[in-house]
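Q: Attaching a single structure in structure tokens format; questions to follow.
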Amino acid sequence: MELAGKVVVVTGSAGGIGRALARRFHSAGAAGVVIADTNAAGTAAVADELNATRADSAMGIVADISTENGNRALIDAAQQRFGPIDLFFANAGVGGGTDLETPQSEWRTAFAVNIEAHVFAAQLLVPGWVERGHGYFCSTASAAGLLTQIGSWPYSVTKHAAVGFAEWLSVTYGDRGVRVSCLCPMGVNTNMLNAPDGAGIDRTAGDVVRAAGVVLEPDDVAEVVIAGIHDERFLLLPHPEVLTFWQRKTSDYDRWLVGMRRLQARVQGS
């Protein structure tokens, strides 16, 4: 898919990976870029930055994508401003949660934001894309969605679900004009990794991520995404080693589980 002239929505785009994606889609020539987030100041700042480069090419929307109504309001506002959406990037995500005693409120929020939001957006957009014969759904999952996340079961489980939903969407609608990509990075220098406990992934999870590989900058991730969308590849892996880890997991699941328990013990003991 070529981004020039397209209408793009990016959720969770007031900062981090989402902001880098919005900037990169804009520089690739997207006719309209919609920055959606719960952070009103950050959303407005990114939209103002893009509009200063090219007038009337971006808009910021404060959106709660954890609900069907929130997604509907976002999509309606975006289409009223720029016309039909060509690419929807479900990037918003939350961390939180640790062991089985994680409060229900935390894991319910994780399910609402990390997976249900993807389903709501697809339900609202895919019928129109099928009718038009084209449309692109992208989602940010995580390497945790292919492997697992030591230290945070709500994050790990919901990211597995995000990968599974994207995969199902591609299988079901891929021959009807709908393209699907799923972004699965490891460590990225964002608030998700760096925020104090409770605001992002927990400390143990962060230590595991840092031990597993290099921590990339959001702009590095955006470059991988733009190339993947151009080639219409399903799996977008800013950290190539994730593919190696995933292949080891699927080739010998029991051995992989033993190795993950060893990694957990090593990190928790450090």
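Identifiers in the structure tokens: chain A, B, ... in order shown; residue index from 1 per chain; ligand index from 1 in order shown.
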Within segment 18-120 of chain A, find each residue whose DSSP state, derived from the backbone, is helix (DSSP H, G or I), and express the selection as a VMD selection string.

A: chain A and resid 18 to 27 40 to 53 68 to 82 104 to 120

Q: Enumerate, in order of chain and increasing residue number, the residues of segment 227-267 of chain A with an atom no farther than 12 Å from segment 171-176 of chain A, each with its shortest atom pair and distance in Å to one decimal, counting only C-alpha atoms, as JSON lines.

A:
```
{"residue": "A:Glu232", "atom": "CA", "partner": "A:Gly174", "partner_atom": "CA", "distance": 10.9}
{"residue": "A:Arg233", "atom": "CA", "partner": "A:Gly174", "partner_atom": "CA", "distance": 11.7}
{"residue": "A:Phe234", "atom": "CA", "partner": "A:Gly174", "partner_atom": "CA", "distance": 10.5}
```

Q: Those residues you just picked out, can you put them in a file as a CSV table (one decimal), in the first residue's frame with C-alpha atoms?

A:
```csv
chain,number,residue,atom,x,y,z
A,232,GLU,CA,1.7,-5.6,2.7
A,233,ARG,CA,3.4,-8.0,5.1
A,234,PHE,CA,1.4,-9.4,8.0
```

Q: So that I can check the surroundings of Ser139 of chain A, please list as a list of chain:residue names every protein, DNA and RNA residue that reaches within 10 Å of it, counting only C-alpha atoms and ignoring chain neighbours fewer than 3 positions away.

A: A:Val10, A:Thr11, A:Phe88, A:Phe89, A:Ala90, A:Asn91, A:Ala92, A:Gly93, A:Asn114, A:Ile115, A:His118, A:Ser142, A:Ala162, A:Val163, A:Phe165, A:Ala166, A:Val180, A:Ser181, A:Cys182, A:Leu183, A:Cys184, A:Leu236

Q: Please provide the set of residues having any atom within 6 Å of Gly133 of chain A, restricted to only C-alpha atoms, with same-chain residues fewer than 3 positions apart removed, written as a CSV table (one decimal) with N, CA, C and O atoms, in the first residue's frame.

A:
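So the final result, stored in result_27.csv, reads:
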```csv
chain,number,residue,atom,x,y,z
A,129,TRP,N,-15.0,-1.5,3.8
A,129,TRP,CA,-13.8,-1.8,3.0
A,129,TRP,C,-14.1,-2.9,2.0
A,129,TRP,O,-13.6,-2.9,0.9
A,130,VAL,N,-14.8,-3.9,2.5
A,130,VAL,CA,-15.2,-5.0,1.6
A,130,VAL,C,-16.0,-4.4,0.4
A,130,VAL,O,-15.8,-4.8,-0.8
A,177,GLY,N,-10.2,-7.9,-0.3
A,177,GLY,CA,-9.6,-6.5,-0.4
A,177,GLY,C,-9.1,-5.9,0.9
A,177,GLY,O,-8.6,-4.8,0.9
```

Q: Considering only C-alpha atoms, return as a list in words whatever protein or nucleic-acid residues lie within 9 Å of Ile226 of chain A, sequence-local ones (same chain, fewer than 5 positions apart) excluded.

A: Leu3, Leu21, Arg24, Phe25, Ala28, Val221 and Asp231 of chain A

Q: Name the closest residue to Gln264 of chain A among the candidates A:Ser13, A:Thr67, A:Thr148, A:Gln79; distances are taken between atoms, counting only C-alpha atoms.

A: A:Thr148

Q: Please list as a ChimeraX atom specification every residue within 8 Å of Gly32 of chain A, counting only C-alpha atoms and excluding residues in the same chain fewer than 5 positions away.

A: /A:5-8,26,56-59,82

Q: Tell me which of A:Gln123, A:Thr190, A:Thr38, A:Asn51 sits closest to Ile75 of chain A, counting only C-alpha atoms.

A: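 For Ile75 of chain A, the nearest of the given residues is A:Gln123.
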
Q: Could you jot down the atom CA of Pro127 of chain A to atom CA of Ser170 of chain A separation for me, Å, one decimal place?

A: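 Interatomic distance here is 13.9 Å.
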
Q: With only C-alpha atoms as the atoms that count, which of A:Leu147, A:Leu87, A:Leu235, A:Val188 lies nearest to Ile17 of chain A?

A: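 Using only C-alpha atoms, the shortest distance to Ile17 of chain A belongs to A:Val188.
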
Q: Report, in Å with one decimal, the straight-line distance from atom CA of Phe120 of chain A to atom CA of Trp107 of chain A.

A: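 The value is 18.2 Å.
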
Q: Check the smallest atom-to-atom distance from each of A:Ala110, A:Asp37, A:Gly18, A:Gly96 to Thr140 of chain A using only C-alpha atoms, then report the winner.

A: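 Going through A:Ala110, A:Asp37, A:Gly18, A:Gly96 one by one, the smallest distance to Thr140 of chain A is for A:Gly18.
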
Q: Tell me, as JSON, numbers by chain, which residues lie within 9 Å of Val46 of chain A, counting only C-alpha atoms; anything in the same chain fewer than 3 positions away does not count.

A: {"A": [13, 14, 15, 19, 22, 23, 35, 41, 42, 43, 49, 50, 51, 58, 59, 60]}

Q: Those residues you just picked out, can you put them in a file as a compact mmCIF listing (two decimals), in the first residue's frame with all heavy atoms?

A:
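again.txt, freshly written:
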```
# COMPACT_ATOMS: atom_id res chain seq x y z
N SER A 13 -1.74 7.91 19.80
CA SER A 13 -0.70 8.58 19.01
C SER A 13 -0.28 9.94 19.56
O SER A 13 0.34 10.73 18.85
CB SER A 13 -1.17 8.73 17.56
OG SER A 13 -2.48 9.24 17.48
N ALA A 14 -0.56 10.20 20.84
CA ALA A 14 -0.06 11.43 21.45
C ALA A 14 1.41 11.32 21.82
O ALA A 14 2.08 12.32 22.09
CB ALA A 14 -0.87 11.78 22.69
N GLY A 15 1.95 10.11 21.80
CA GLY A 15 3.35 9.89 22.14
C GLY A 15 3.80 8.51 21.70
O GLY A 15 3.03 7.73 21.15
N ARG A 19 2.85 8.25 17.99
CA ARG A 19 3.26 9.56 17.48
C ARG A 19 4.26 9.40 16.34
O ARG A 19 4.16 10.09 15.31
CB ARG A 19 3.88 10.39 18.60
CG ARG A 19 4.37 11.77 18.14
CD ARG A 19 4.82 12.60 19.34
NE ARG A 19 5.90 11.94 20.06
CZ ARG A 19 6.32 12.32 21.27
NH1 ARG A 19 5.72 13.35 21.88
NH2 ARG A 19 7.31 11.69 21.88
N ALA A 22 2.30 8.35 13.24
CA ALA A 22 1.56 9.47 12.65
C ALA A 22 2.49 10.38 11.87
O ALA A 22 2.17 10.81 10.75
CB ALA A 22 0.83 10.24 13.75
N ARG A 23 3.62 10.70 12.46
CA ARG A 23 4.59 11.55 11.76
C ARG A 23 5.08 10.90 10.48
O ARG A 23 5.20 11.55 9.43
CB ARG A 23 5.78 11.83 12.69
CG ARG A 23 5.52 12.79 13.83
CD ARG A 23 6.66 12.78 14.82
NE ARG A 23 6.57 13.85 15.80
CZ ARG A 23 7.33 13.93 16.90
NH1 ARG A 23 8.23 12.98 17.14
NH2 ARG A 23 7.18 14.93 17.74
N ILE A 35 -4.97 11.86 14.67
CA ILE A 35 -4.25 11.51 15.89
C ILE A 35 -5.28 11.33 16.99
O ILE A 35 -5.96 12.29 17.37
CB ILE A 35 -3.22 12.59 16.27
CG1 ILE A 35 -2.15 12.72 15.19
CG2 ILE A 35 -2.56 12.29 17.60
CD1 ILE A 35 -2.46 13.79 14.16
N ALA A 41 -3.78 17.22 25.44
CA ALA A 41 -2.68 18.13 25.12
C ALA A 41 -1.72 17.50 24.12
O ALA A 41 -1.28 18.14 23.15
CB ALA A 41 -1.94 18.52 26.39
N GLY A 42 -1.38 16.23 24.34
CA GLY A 42 -0.47 15.55 23.43
C GLY A 42 -1.06 15.38 22.05
O GLY A 42 -0.37 15.52 21.03
N THR A 43 -2.34 15.05 21.99
CA THR A 43 -3.02 14.88 20.71
C THR A 43 -3.01 16.18 19.92
O THR A 43 -2.68 16.19 18.72
CB THR A 43 -4.47 14.42 20.95
OG1 THR A 43 -4.45 13.18 21.63
CG2 THR A 43 -5.23 14.27 19.65
N GLU A 49 1.71 20.13 15.05
CA GLU A 49 3.02 19.93 14.43
C GLU A 49 2.88 19.53 12.96
O GLU A 49 3.56 20.07 12.07
CB GLU A 49 3.79 18.85 15.19
CG GLU A 49 5.10 18.42 14.54
CD GLU A 49 5.66 17.15 15.16
OE1 GLU A 49 5.42 16.91 16.35
OE2 GLU A 49 6.32 16.39 14.42
N LEU A 50 1.98 18.60 12.68
CA LEU A 50 1.81 18.12 11.31
C LEU A 50 1.15 19.19 10.43
O LEU A 50 1.53 19.37 9.27
CB LEU A 50 0.97 16.84 11.30
CG LEU A 50 1.56 15.66 12.07
CD1 LEU A 50 0.69 14.42 11.89
CD2 LEU A 50 2.99 15.36 11.66
N ASN A 51 0.18 19.91 10.99
CA ASN A 51 -0.47 20.96 10.21
C ASN A 51 0.45 22.12 9.93
O ASN A 51 0.29 22.82 8.92
CB ASN A 51 -1.72 21.45 10.95
CG ASN A 51 -2.88 20.50 10.81
OD1 ASN A 51 -3.07 19.89 9.75
ND2 ASN A 51 -3.67 20.36 11.87
N ALA A 58 -4.00 17.21 9.17
CA ALA A 58 -4.08 16.40 10.38
C ALA A 58 -5.13 16.95 11.32
O ALA A 58 -5.46 18.15 11.29
CB ALA A 58 -2.73 16.35 11.08
N MET A 59 -5.67 16.08 12.13
CA MET A 59 -6.59 16.51 13.18
C MET A 59 -6.39 15.63 14.41
O MET A 59 -6.05 14.45 14.29
CB MET A 59 -8.05 16.44 12.72
CG MET A 59 -8.60 15.04 12.56
SD MET A 59 -10.36 14.98 12.06
CE MET A 59 -11.16 15.75 13.46
N GLY A 60 -6.56 16.23 15.57
CA GLY A 60 -6.46 15.49 16.81
C GLY A 60 -7.85 15.23 17.39
O GLY A 60 -8.70 16.12 17.35
```

Q: Just how far from atom CA of Gly187 of chain A is atom CA of Ile61 of chain A, in Å to one decimal?

A: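 Going from atom CA of Ile61 of chain A over to atom CA of Gly187 of chain A, I get 27.5 Å.
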
Q: Rank A:Ala20, A:Leu74, A:Leu146, A:Ala52 by their smallest atom-to-atom distance to Lys249 of chain A, using only C-alpha atoms, and report the top residue only.

A: A:Leu146
